[in-house]
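Dropping query_29.txt in here (compact mmCIF, C-alpha atoms and all ligand atoms):
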# COMPACT_ATOMS: atom_id res chain seq x y z
CA MET D 113 13.57 26.31 -0.97
CA SER D 114 10.72 26.38 1.54
CA ASP D 115 10.46 24.30 4.68
CA LYS D 116 7.45 22.41 3.37
CA LEU D 117 7.12 18.69 2.80
CA LEU D 118 4.24 17.67 0.54
CA VAL D 119 2.35 14.50 1.35
CA ILE D 120 0.24 13.33 -1.57
CA GLY D 121 -2.74 11.51 -0.06
CA GLU D 122 -5.14 9.15 -1.77
CA VAL D 123 -8.90 9.14 -1.58
CA ARG D 124 -11.00 6.23 -2.72
CA ASP D 125 -14.81 6.39 -2.58
CA ASN D 126 -14.50 9.40 -0.26
CA ASP D 127 -12.30 7.47 2.19
CA ILE D 128 -8.66 8.36 2.67
CA ARG D 129 -6.37 5.37 2.28
CA ASN D 130 -4.39 4.59 5.45
CA VAL D 131 -1.11 4.89 3.63
CA SER D 132 -1.77 8.65 3.38
CA PHE D 133 -1.57 8.86 7.20
CA GLU D 134 1.56 6.69 7.18
CA ALA D 135 3.10 9.07 4.63
CA ILE D 136 2.51 11.96 7.05
CA ALA D 137 4.31 10.00 9.79
CA ALA D 138 7.18 9.34 7.36
CA ALA D 139 7.37 13.06 6.50
CA LYS D 140 7.63 13.85 10.23
CA GLN D 141 10.46 11.32 10.53
CA ILE D 142 12.24 12.95 7.60
CA ASP D 143 12.01 16.38 9.20
CA ALA D 144 10.18 16.89 12.48
CA ASP D 145 10.31 20.67 12.01
CA ALA D 146 9.01 20.79 8.44
CA GLU D 147 5.56 22.11 7.61
CA ILE D 148 3.61 19.10 6.38
CA VAL D 149 1.21 20.02 3.59
CA GLY D 150 -1.26 17.31 2.61
CA VAL D 151 -2.51 17.24 -0.98
CA LEU D 152 -5.74 15.56 -2.08
CA PHE D 153 -7.45 15.21 -5.45
CA SER D 154 -10.98 14.22 -6.33
CA ASP D 155 -14.07 15.26 -8.28
CA SER D 156 -16.03 15.94 -5.08
CA ASP D 157 -15.66 17.99 -1.92
CA LEU D 158 -12.58 17.05 0.11
CA THR D 159 -13.00 19.24 3.18
CA SER D 160 -13.65 16.43 5.64
CA ALA D 161 -10.91 14.28 4.08
CA GLY D 162 -8.55 17.25 4.48
CA GLU D 163 -9.51 17.63 8.14
CA GLU D 164 -8.78 13.93 8.59
CA LEU D 165 -5.24 14.47 7.24
CA ILE D 166 -4.77 17.31 9.72
CA ALA D 167 -5.94 15.09 12.59
CA TYR D 168 -3.19 12.65 11.57
CA GLY D 169 -0.43 15.26 11.63
CA ALA D 170 -0.63 17.45 8.49
CA ASP D 171 -0.26 21.17 9.23
CA SER D 172 -2.40 22.25 6.29
CA VAL D 173 -4.03 20.67 3.27
CA VAL D 174 -4.48 21.73 -0.34
CA THR D 175 -7.37 20.10 -2.16
CA VAL D 176 -8.08 20.16 -5.86
CA THR D 177 -11.54 19.22 -7.05
CA HIS D 178 -12.17 18.71 -10.75
CA ASP D 179 -14.26 16.37 -12.90
CA ASN D 180 -11.05 15.14 -14.53
CA LEU D 181 -9.72 14.01 -11.14
CA LYS D 182 -12.58 11.60 -10.50
CA THR D 183 -10.37 8.70 -11.49
CA TYR D 184 -6.61 8.62 -11.40
CA THR D 185 -4.75 9.38 -14.61
CA SER D 186 -1.06 10.24 -14.61
CA GLU D 187 -1.79 13.24 -16.81
CA GLY D 188 -4.56 14.67 -14.59
CA TYR D 189 -2.86 14.08 -11.26
CA GLY D 190 0.47 15.04 -12.82
CA GLN D 191 -0.85 18.46 -13.89
CA ALA D 192 -2.31 19.09 -10.43
CA VAL D 193 0.80 17.98 -8.50
CA LEU D 194 3.19 19.93 -10.71
CA GLU D 195 1.16 23.12 -10.35
CA ILE D 196 1.08 22.77 -6.55
CA ILE D 197 4.82 22.09 -6.46
CA ASP D 198 5.38 25.14 -8.63
CA GLU D 199 3.45 27.29 -6.19
CA LEU D 200 4.74 25.88 -2.88
CA SER D 201 8.33 24.93 -3.83
CA PRO D 202 8.46 22.17 -1.22
CA LYS D 203 11.73 20.67 -0.07
CA GLY D 204 10.38 17.18 -0.58
CA ILE D 205 7.46 14.92 -1.42
CA VAL D 206 6.19 11.74 0.25
CA MET D 207 3.56 9.41 -1.17
CA GLY D 208 2.36 5.83 -0.64
CA HIS D 209 3.93 3.10 -2.78
CA THR D 210 0.51 2.18 -4.14
CA SER D 211 -0.44 1.56 -7.76
CA ILE D 212 -1.11 5.28 -8.08
CA GLY D 213 2.10 6.23 -6.27
CA LYS D 214 4.14 3.85 -8.43
CA ASP D 215 2.72 5.38 -11.60
CA LEU D 216 2.64 9.06 -10.68
CA THR D 217 5.92 9.65 -8.86
CA PRO D 218 8.40 8.70 -11.63
CA LYS D 219 6.59 11.06 -13.99
CA VAL D 220 6.72 13.92 -11.48
CA ALA D 221 10.35 13.15 -10.59
CA SER D 222 11.39 13.23 -14.21
CA ARG D 223 9.60 16.55 -14.78
CA LEU D 224 11.39 18.00 -11.73
CA SER D 225 14.70 16.35 -12.67
CA ALA D 226 14.66 15.02 -9.11
CA GLY D 227 15.81 11.72 -7.66
CA LEU D 228 13.19 9.28 -6.39
CA ILE D 229 13.59 6.56 -3.78
CA SER D 230 10.65 4.20 -3.99
CA ASP D 231 9.17 1.45 -1.82
CA VAL D 232 10.75 2.71 1.41
CA VAL D 233 10.05 0.52 4.45
CA ASP D 234 12.08 2.38 7.06
CA ILE D 235 13.96 5.64 7.60
CA GLU D 236 17.17 5.96 9.61
CA LYS D 237 19.14 9.02 10.61
CA ASN D 238 22.83 9.41 9.89
CA GLY D 239 23.62 12.74 11.51
CA ASP D 240 21.34 15.18 9.68
CA ASP D 241 20.95 12.87 6.69
CA ASN D 242 17.94 10.67 6.12
CA VAL D 243 18.79 7.14 5.07
CA PHE D 244 15.97 5.37 3.27
CA ILE D 245 15.73 1.59 3.49
CA ARG D 246 14.07 -0.42 0.74
CA PRO D 247 13.88 -4.12 -0.06
CA ILE D 248 15.65 -5.45 -3.16
CA TYR D 249 16.03 -8.87 -4.78
CA SER D 250 12.46 -9.86 -3.92
CA GLY D 251 12.96 -8.91 -0.27
CA LYS D 252 16.11 -10.99 0.21
CA ALA D 253 18.23 -7.92 0.88
CA PHE D 254 17.74 -4.28 1.82
CA GLU D 255 19.52 -1.29 0.38
CA LYS D 256 20.11 1.98 2.17
CA LYS D 257 19.92 5.08 0.01
CA THR D 258 20.34 8.80 0.48
CA PHE D 259 19.77 11.71 -1.87
CA ALA D 260 22.74 13.35 -3.50
CA ASP D 261 21.04 16.76 -3.27
CA ASP D 262 18.64 18.33 -0.78
CA PHE D 263 15.35 17.47 -2.50
CA ILE D 264 13.64 14.43 -0.98
CA PHE D 265 11.15 12.39 -3.00
CA VAL D 266 10.07 9.02 -1.64
CA THR D 267 7.24 6.51 -1.83
CA ILE D 268 6.62 4.41 1.25
CA ARG D 269 5.39 0.83 1.30
CA PRO D 270 1.97 0.56 3.02
CA ASN D 271 1.86 -0.95 6.52
CA ASN D 272 5.52 -0.36 7.38
CA ILE D 273 5.73 3.11 8.90
CA ALA D 274 3.10 3.49 11.60
CA ALA D 275 0.69 6.39 11.29
CA LEU D 276 0.66 8.91 14.13
CA GLU D 277 -2.16 8.71 16.61
CA LYS D 278 -5.24 10.57 15.43
CA ASP D 279 -5.74 13.86 17.25
CA ALA D 280 -9.06 15.42 16.28
CA SER D 281 -8.21 18.57 18.27
CA ARG D 282 -5.41 19.54 15.83
CA SER D 283 -6.23 22.50 13.63
CA GLY D 284 -5.00 23.59 10.25
CA GLU D 285 -6.29 25.14 7.06
CA VAL D 286 -7.87 23.11 4.28
CA ASN D 287 -7.55 25.27 1.16
CA THR D 288 -9.17 24.51 -2.14
CA LYS D 289 -7.08 25.34 -5.16
CA ASP D 290 -8.62 25.88 -8.57
CA ILE D 291 -6.65 24.12 -11.24
CA ASP D 292 -8.08 23.56 -14.67
CA ILE D 293 -7.14 19.98 -15.49
CA LYS D 294 -7.33 20.01 -19.26
CA ASP D 295 -6.09 18.61 -22.54
CA LEU D 296 -5.97 15.07 -21.20
CA ARG D 297 -4.97 12.69 -23.94
CA THR D 298 -6.67 9.73 -22.24
CA ILE D 299 -9.97 9.69 -20.39
CA VAL D 300 -11.21 6.97 -18.05
CA LYS D 301 -14.79 6.18 -19.06
CA ASP D 302 -15.56 3.60 -16.41
CA VAL D 303 -13.87 1.49 -13.77
CA VAL D 304 -15.11 -2.07 -13.45
CA ARG D 305 -14.08 -3.49 -10.10
CA LYS D 306 -13.44 -7.16 -9.68
CA THR D 307 -13.08 -7.14 -5.91
CA SER D 308 -15.22 -4.43 -4.44
CA GLU D 309 -16.15 -6.02 -1.15
CA GLY D 310 -14.26 -6.56 2.05
CA VAL D 311 -10.93 -5.27 3.29
CA ASP D 312 -8.42 -3.87 0.77
CA LEU D 313 -5.66 -6.47 0.40
CA SER D 314 -2.76 -4.02 0.32
CA GLU D 315 -3.88 -2.33 3.54
CA ALA D 316 -5.22 -5.38 5.42
CA ASN D 317 -3.74 -6.11 8.84
CA VAL D 318 -4.63 -9.77 8.51
CA ILE D 319 -4.39 -11.78 5.30
CA VAL D 320 -5.45 -15.38 4.79
CA ALA D 321 -3.84 -16.50 1.53
CA GLY D 322 -4.66 -19.71 -0.28
CA GLY D 323 -2.56 -21.69 -2.72
CA ARG D 324 -2.92 -24.56 -5.10
CA GLY D 325 -3.39 -26.81 -2.07
CA VAL D 326 -6.86 -25.29 -1.61
CA LYS D 327 -7.78 -27.29 -4.73
CA SER D 328 -10.85 -25.37 -5.97
CA ALA D 329 -12.78 -22.09 -5.86
CA GLU D 330 -15.16 -23.84 -3.49
CA GLY D 331 -12.17 -24.72 -1.29
CA PHE D 332 -11.56 -20.98 -0.73
CA LYS D 333 -14.84 -20.61 1.17
CA PRO D 334 -13.37 -21.61 4.58
CA LEU D 335 -10.52 -19.14 3.93
CA TYR D 336 -13.03 -16.34 3.44
CA GLU D 337 -14.74 -17.41 6.65
CA LEU D 338 -11.43 -17.37 8.55
CA ALA D 339 -10.57 -13.95 7.10
CA ASP D 340 -14.00 -12.74 8.12
CA VAL D 341 -13.67 -13.78 11.77
CA LEU D 342 -10.22 -12.18 11.89
CA GLY D 343 -11.39 -8.97 10.16
CA GLY D 344 -8.93 -9.59 7.35
CA ALA D 345 -8.73 -10.07 3.59
CA VAL D 346 -8.17 -13.10 1.36
CA GLY D 347 -5.15 -13.32 -0.91
CA ALA D 348 -3.74 -16.06 -3.12
CA SER D 349 -0.64 -17.51 -4.68
CA ARG D 350 -0.23 -17.40 -8.42
CA GLY D 351 -0.69 -21.18 -8.37
CA ALA D 352 -4.24 -20.67 -7.09
CA CYS D 353 -4.94 -17.86 -9.60
CA ASP D 354 -3.53 -19.85 -12.54
CA ALA D 355 -5.75 -22.77 -11.54
CA ASP D 356 -8.75 -20.37 -11.65
CA TYR D 357 -9.61 -20.84 -7.98
CA CYS D 358 -9.69 -17.06 -7.59
CA ASP D 359 -9.15 -13.81 -9.41
CA TYR D 360 -5.69 -12.46 -10.25
CA ALA D 361 -6.61 -9.34 -8.26
CA LEU D 362 -5.84 -11.47 -5.17
CA GLN D 363 -2.39 -12.58 -6.31
CA ILE D 364 0.44 -11.85 -3.89
CA GLY D 365 4.07 -12.03 -4.92
CA GLN D 366 6.68 -10.79 -7.33
CA THR D 367 4.15 -10.28 -10.12
CA GLY D 368 1.22 -9.63 -7.78
CA LYS D 369 0.66 -7.42 -4.78
CA VAL D 370 3.28 -6.76 -2.12
CA VAL D 371 1.74 -6.93 1.33
CA THR D 372 3.02 -6.43 4.88
CA PRO D 373 0.16 -7.29 7.24
CA ASP D 374 0.53 -7.90 10.96
CA LEU D 375 -0.57 -11.50 10.39
CA TYR D 376 -0.20 -13.55 7.18
CA ILE D 377 -1.69 -17.02 7.14
CA ALA D 378 -0.40 -19.04 4.18
CA VAL D 379 -2.73 -21.94 3.49
CA GLY D 380 -1.70 -24.68 1.06
CA ILE D 381 1.11 -22.52 -0.34
CA SER D 382 4.52 -24.08 -0.93
CA GLY D 383 6.54 -20.88 -0.49
CA ALA D 384 8.08 -20.35 -3.92
CA ILE D 385 10.56 -17.46 -4.01
CA GLN D 386 8.20 -15.43 -6.22
CA HIS D 387 5.45 -15.75 -3.62
CA LEU D 388 7.77 -14.87 -0.72
CA ALA D 389 8.71 -11.68 -2.59
CA GLY D 390 5.22 -10.37 -1.90
CA MET D 391 4.72 -11.34 1.73
CA SER D 392 8.00 -12.13 3.51
CA ASN D 393 7.99 -8.78 5.34
CA SER D 394 4.71 -9.62 7.09
CA LYS D 395 5.10 -9.22 10.83
CA VAL D 396 3.89 -12.69 11.82
CA ILE D 397 3.64 -15.53 9.32
CA VAL D 398 1.63 -18.66 9.99
CA ALA D 399 1.84 -21.55 7.52
CA ILE D 400 -0.65 -24.39 7.20
CA ASN D 401 0.64 -27.12 4.92
CA LYS D 402 0.40 -30.90 4.91
CA ASP D 403 4.01 -31.25 3.76
CA ALA D 404 6.38 -30.69 6.70
CA GLU D 405 9.26 -30.17 4.23
CA SER D 406 7.50 -27.34 2.43
CA ASN D 407 9.65 -24.21 1.97
CA ILE D 408 6.98 -21.96 3.48
CA PHE D 409 7.91 -23.34 6.92
CA ASN D 410 11.41 -21.84 6.51
CA ILE D 411 10.04 -18.33 6.82
CA ALA D 412 7.00 -19.02 9.01
CA ASP D 413 6.95 -17.91 12.65
CA TYR D 414 4.37 -20.59 13.39
CA GLY D 415 3.67 -23.70 11.38
CA ILE D 416 0.82 -26.17 11.40
CA VAL D 417 1.52 -29.42 9.55
CA GLY D 418 -1.85 -30.78 8.55
CA ASP D 419 -4.69 -30.91 6.09
CA LEU D 420 -6.02 -27.39 5.63
CA PHE D 421 -9.58 -28.67 5.33
CA GLU D 422 -9.32 -30.01 8.89
CA VAL D 423 -7.20 -27.21 10.37
CA ILE D 424 -9.16 -24.17 9.10
CA PRO D 425 -12.58 -25.18 10.55
CA LEU D 426 -10.88 -25.86 13.91
CA LEU D 427 -9.20 -22.44 13.83
CA ILE D 428 -12.49 -20.72 12.99
CA GLU D 429 -14.24 -22.55 15.82
CA GLU D 430 -11.56 -21.59 18.35
CA ILE D 431 -11.32 -17.95 17.23
CA LYS D 432 -15.09 -17.58 17.46
CA LYS D 433 -14.88 -18.59 21.14
CA VAL D 434 -12.55 -15.68 21.94
P1 LIG W 501 2.28 -25.29 -5.12
O1 LIG W 501 3.71 -24.97 -5.27
O2 LIG W 501 1.72 -26.35 -5.98
O3 LIG W 501 2.03 -25.64 -3.59
C1 LIG W 501 0.84 -26.16 -3.10
C2 LIG W 501 1.08 -26.51 -1.64
O4 LIG W 501 -0.13 -26.93 -1.06
C3 LIG W 501 2.08 -27.63 -1.44
O5 LIG W 501 3.12 -27.18 -0.57
C4 LIG W 501 1.28 -28.74 -0.79
O6 LIG W 501 2.02 -29.47 0.18
C5 LIG W 501 0.16 -27.98 -0.14
N1 LIG W 501 -1.08 -28.74 0.04
C6 LIG W 501 -1.73 -29.53 -0.88
N2 LIG W 501 -2.86 -30.02 -0.36
C7 LIG W 501 -2.94 -29.55 0.91
C8 LIG W 501 -3.88 -29.71 1.97
N3 LIG W 501 -5.00 -30.44 1.80
N4 LIG W 501 -3.64 -29.11 3.14
C9 LIG W 501 -2.52 -28.37 3.35
N5 LIG W 501 -1.59 -28.17 2.38
C10 LIG W 501 -1.81 -28.74 1.18
N6 LIG W 501 3.79 -17.13 -7.51
C11 LIG W 501 3.13 -16.37 -6.64
O7 LIG W 501 2.50 -16.86 -5.68
N7 LIG W 501 3.10 -14.99 -6.81
C12 LIG W 501 3.76 -14.38 -7.82
O8 LIG W 501 3.68 -13.15 -7.90
C13 LIG W 501 4.47 -15.17 -8.74
N8 LIG W 501 5.16 -14.60 -9.75
C14 LIG W 501 5.90 -15.40 -10.58
C15 LIG W 501 6.70 -14.80 -11.57
C16 LIG W 501 7.47 -15.60 -12.40
C17 LIG W 501 8.32 -14.94 -13.45
C18 LIG W 501 7.45 -17.01 -12.26
C19 LIG W 501 8.30 -17.88 -13.13
C20 LIG W 501 6.67 -17.60 -11.30
C21 LIG W 501 5.88 -16.82 -10.46
N9 LIG W 501 5.08 -17.38 -9.46
C22 LIG W 501 4.44 -16.58 -8.56
C23 LIG W 501 4.83 -18.84 -9.41
C24 LIG W 501 5.65 -19.55 -8.36
O9 LIG W 501 6.90 -19.92 -8.91
C25 LIG W 501 4.91 -20.84 -7.88
O10 LIG W 501 4.64 -21.64 -9.01
C26 LIG W 501 3.61 -20.57 -7.18
O11 LIG W 501 3.79 -19.61 -6.15
C27 LIG W 501 3.11 -21.89 -6.56
O12 LIG W 501 1.86 -21.67 -5.97
P2 LIG W 501 1.40 -22.57 -4.73
O13 LIG W 501 2.38 -22.47 -3.63
O14 LIG W 501 0.00 -22.22 -4.47
O15 LIG W 501 1.38 -24.03 -5.38
Take the structure from the file and write it as structure tokens.
Amino acid sequence: MSDKLLVIGEVRDNDIRNVSFEAIAAAKQIDADAEIVGVLFSDSDLTSAGEELIAYGADSVVTVTHDNLKTYTSEGYGQAVLEIIDELSPKGIVMGHTSIGKDLTPKVASRLSAGLISDVVDIEKNGDDNVFIRPIYSGKAFEKKTFADDFIFVTIRPNNIAALEKDASRSGEVNTKDIDIKDLRTIVKDVVRKTSEGVDLSEANVIVAGGRGVKSAEGFKPLYELADVLGGAVGASRGACDADYCDYALQIGQTGKVVTPDLYIAVGISGAIQHLAGMSNSKVIVAINKDAESNIFNIADYGIVGDLFEVIPLLIEEIKKV
């Protein structure tokens, strides 16, 4: 087995997703002496994206460019990853616990007959062993897992393991590998985006999330304004999505997105266990609710008891002064 750790990065609209840099930092934590090889797939040139991975700590990068890698499919990415693994024989693989990571890694693990530890939020050392920590029971407990054999295969939850500082002076090779991605049984014809503007919810450092208390789609406007002044994204409870105040793409929770921003502002959200499952690991939680007994205050670091329609405009006004 080589001394290489593969980090599968993700590119969207020619931008690398932050979690790719966090995965490099995680790989360094797993083995500071390993050679970190970044891997990127797309249908267009990836040289500058590869250089970006090197600036964030990768030692070299392998890129695969093919028309069939324009959009993610488990078959297309699976073929490419398996061929690279076959060639490099890495001692482990790290990827973001994103929708792509969640779909791709079990397939690859099963093909390799390897174990997979997913949704890792922290890594501890026990002697030479890596201990991977992941939330279970909707974030109410954490389990610590190790691999029974030497091969390491993990996905890491975005926003939990800090990326290394960017160092543009780092050098490393970006090699393009020709792989013929063929015989796909499914082909993506088009991707219709529902939320194309603003900050990506799963990578946002600040999230302003609205619940049923926001009362209407119109009522979400001040939340968008608050998110805007804070440079953040808007999310929602399922209550708000079910009531058609916003799109399900914004739903946070057990059956929605799992987020861990630096700041989570829950507005008119009661704090049901299924909602907490998606946001309770946020670094700082602020709750705005008119009911002082609301469960959301039990996990909030700061609470404002009041009518959101009065509180939000005041917050926006004050933040704009800073
Ligand atoms: P509510 O519980 O109705 O709370 C509204 C809150 O707004 C109240 O606390 C109220 O005091 C406050 N409020 C009202 N007016 C104002 C005002 N003017 N100013 C300030 N505060 C105000 N939920 C999720 O969020 N995500 C999930 O992924 C999810 N998955 C689920 C999966 C399953 C299998 C099931 C059964 C449920 C799931 N739910 C999920 C639903 C969850 O149980 C709750 O029903 C939902 O989270 C409630 O949404 P809410 O807090 O917006 O609404």
Find, counting all atoms listed in the file, the residue in D:Ile264, D:Val303, D:Ala355, D:Val311 that gets nearest to D:Ser328. D:Ala355
Could you pull out the residues sitting within 8 Å of ligand LIG 501 (chain W), using all atoms listed in the file, and write them as a short mmCIF file (atom, residue, chain, number, x, y, z; two decimals) with C-alpha atoms, in the frame of the given file?
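out-v3.cif written:
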data_model
loop_
_atom_site.label_atom_id
_atom_site.label_comp_id
_atom_site.auth_asym_id
_atom_site.auth_seq_id
_atom_site.Cartn_x
_atom_site.Cartn_y
_atom_site.Cartn_z
CA GLY D 322 -4.66 -19.71 -0.28
CA GLY D 323 -2.56 -21.69 -2.72
CA ARG D 324 -2.92 -24.56 -5.10
CA GLY D 325 -3.39 -26.81 -2.07
CA VAL D 326 -6.86 -25.29 -1.61
CA LYS D 327 -7.78 -27.29 -4.73
CA ALA D 348 -3.74 -16.06 -3.12
CA SER D 349 -0.64 -17.51 -4.68
CA ARG D 350 -0.23 -17.40 -8.42
CA GLY D 351 -0.69 -21.18 -8.37
CA ALA D 352 -4.24 -20.67 -7.09
CA GLN D 363 -2.39 -12.58 -6.31
CA ILE D 364 0.44 -11.85 -3.89
CA GLY D 365 4.07 -12.03 -4.92
CA GLN D 366 6.68 -10.79 -7.33
CA THR D 367 4.15 -10.28 -10.12
CA GLY D 368 1.22 -9.63 -7.78
CA LYS D 369 0.66 -7.42 -4.78
CA VAL D 379 -2.73 -21.94 3.49
CA GLY D 380 -1.70 -24.68 1.06
CA ILE D 381 1.11 -22.52 -0.34
CA SER D 382 4.52 -24.08 -0.93
CA GLY D 383 6.54 -20.88 -0.49
CA ALA D 384 8.08 -20.35 -3.92
CA ILE D 385 10.56 -17.46 -4.01
CA GLN D 386 8.20 -15.43 -6.22
CA HIS D 387 5.45 -15.75 -3.62
CA LEU D 388 7.77 -14.87 -0.72
CA ALA D 389 8.71 -11.68 -2.59
CA GLY D 390 5.22 -10.37 -1.90
CA ILE D 400 -0.65 -24.39 7.20
CA ASN D 401 0.64 -27.12 4.92
CA LYS D 402 0.40 -30.90 4.91
CA ASP D 403 4.01 -31.25 3.76
CA ALA D 404 6.38 -30.69 6.70
CA SER D 406 7.50 -27.34 2.43
CA ASN D 407 9.65 -24.21 1.97
CA ILE D 408 6.98 -21.96 3.48
CA VAL D 417 1.52 -29.42 9.55
CA GLY D 418 -1.85 -30.78 8.55
CA ASP D 419 -4.69 -30.91 6.09
CA LEU D 420 -6.02 -27.39 5.63
CA PHE D 421 -9.58 -28.67 5.33
#
Could you tell me how far atom CA of D:Asp234 sits from atom CA of D:Glu195, in Å to one decimal place? 29.2 Å
Which polymer residues, protein or nucleic acid, are no farther than 6 Å from (-3.2, 8.6, 8.7), counting all atoms listed in the file, as an MDAnalysis selection string? chainID D and resid 130 132:134 168 275
Distance in Å - atom CA of D:Lys237 versus atom CA of D:Lys256: 11.0 Å
Can I get the residues of stretch 177-278 of chain D within 8 Å of stretch 137-143 of chain D, each with the closest pair of atoms and their distance in Å to one decimal, using only C-alpha atoms, sorted chain first then ascending number, as JSON lines?
{"residue": "D:Val206", "atom": "CA", "partner": "D:Ala139", "partner_atom": "CA", "distance": 6.5}
{"residue": "D:Ile235", "atom": "CA", "partner": "D:Gln141", "partner_atom": "CA", "distance": 7.3}
{"residue": "D:Asn242", "atom": "CA", "partner": "D:Ile142", "partner_atom": "CA", "distance": 6.3}
{"residue": "D:Ile268", "atom": "CA", "partner": "D:Ala138", "partner_atom": "CA", "distance": 7.9}
{"residue": "D:Ile273", "atom": "CA", "partner": "D:Ala138", "partner_atom": "CA", "distance": 6.6}
{"residue": "D:Ala274", "atom": "CA", "partner": "D:Ala137", "partner_atom": "CA", "distance": 6.9}
{"residue": "D:Ala275", "atom": "CA", "partner": "D:Ala137", "partner_atom": "CA", "distance": 5.3}
{"residue": "D:Leu276", "atom": "CA", "partner": "D:Ala137", "partner_atom": "CA", "distance": 5.8}
Distance criterion (only C-alpha atoms): nearest to D:Thr159 out of D:Ile136, D:Ile245, D:Val286, D:Ile120: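 Of the candidates, the smallest distance to D:Thr159 is held by D:Val286.
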Residues near stretch 314-320 of chain D, anyone? I mean within 8 Å using all atoms listed in the file, not counting same-chain ones fewer than 6 positions away, as number ranges by chain. D: 130-131, 270-271, 335-336, 338-339, 342-347, 369-379
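Coordinates place atom CA of D:Glu330 at a distance of 20.4 Å from atom CA of D:Ala399.
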Is it possible to get the residues within 8 Å of (11.2, 5.6, -1.7) (coordinates as in the file, counting only C-alpha atoms) written as a PyMOL selection string? chain D and resi 209+228-232+244-246+265-268
Restricted to C-alpha atoms, what would the selected residues look like written as a PDB file, in the coordinates of the input?
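As written to disk, out39.pdb reads:
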ATOM      1  CA  HIS D 209       3.930   3.100  -2.780  1.00  0.00           C
ATOM      2  CA  LEU D 228      13.190   9.280  -6.390  1.00  0.00           C
ATOM      3  CA  ILE D 229      13.590   6.560  -3.780  1.00  0.00           C
ATOM      4  CA  SER D 230      10.650   4.200  -3.990  1.00  0.00           C
ATOM      5  CA  ASP D 231       9.170   1.450  -1.820  1.00  0.00           C
ATOM      6  CA  VAL D 232      10.750   2.710   1.410  1.00  0.00           C
ATOM      7  CA  PHE D 244      15.970   5.370   3.270  1.00  0.00           C
ATOM      8  CA  ILE D 245      15.730   1.590   3.490  1.00  0.00           C
ATOM      9  CA  ARG D 246      14.070  -0.420   0.740  1.00  0.00           C
ATOM     10  CA  PHE D 265      11.150  12.390  -3.000  1.00  0.00           C
ATOM     11  CA  VAL D 266      10.070   9.020  -1.640  1.00  0.00           C
ATOM     12  CA  THR D 267       7.240   6.510  -1.830  1.00  0.00           C
ATOM     13  CA  ILE D 268       6.620   4.410   1.250  1.00  0.00           C
TER      14      ILE D 268
END
Residue among D:Leu216, D:Leu200, D:Val119, D:Cys358 lying closest to D:Asp171, counting only C-alpha atoms: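 Smallest distance to D:Asp171 is found for D:Val119.
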Calculate, to one decimal in Å, the centre and edge lengths of the box along x, y and z of the file that holds all listed atoms of stretch 327-343 of chain D with 8 Å of margin on each side, and present them as lines of an AutoDock Vina configuration file.
center_x = -11.5
center_y = -18.1
center_z = 3.0
size_x = 23.4
size_y = 34.3
size_z = 33.9
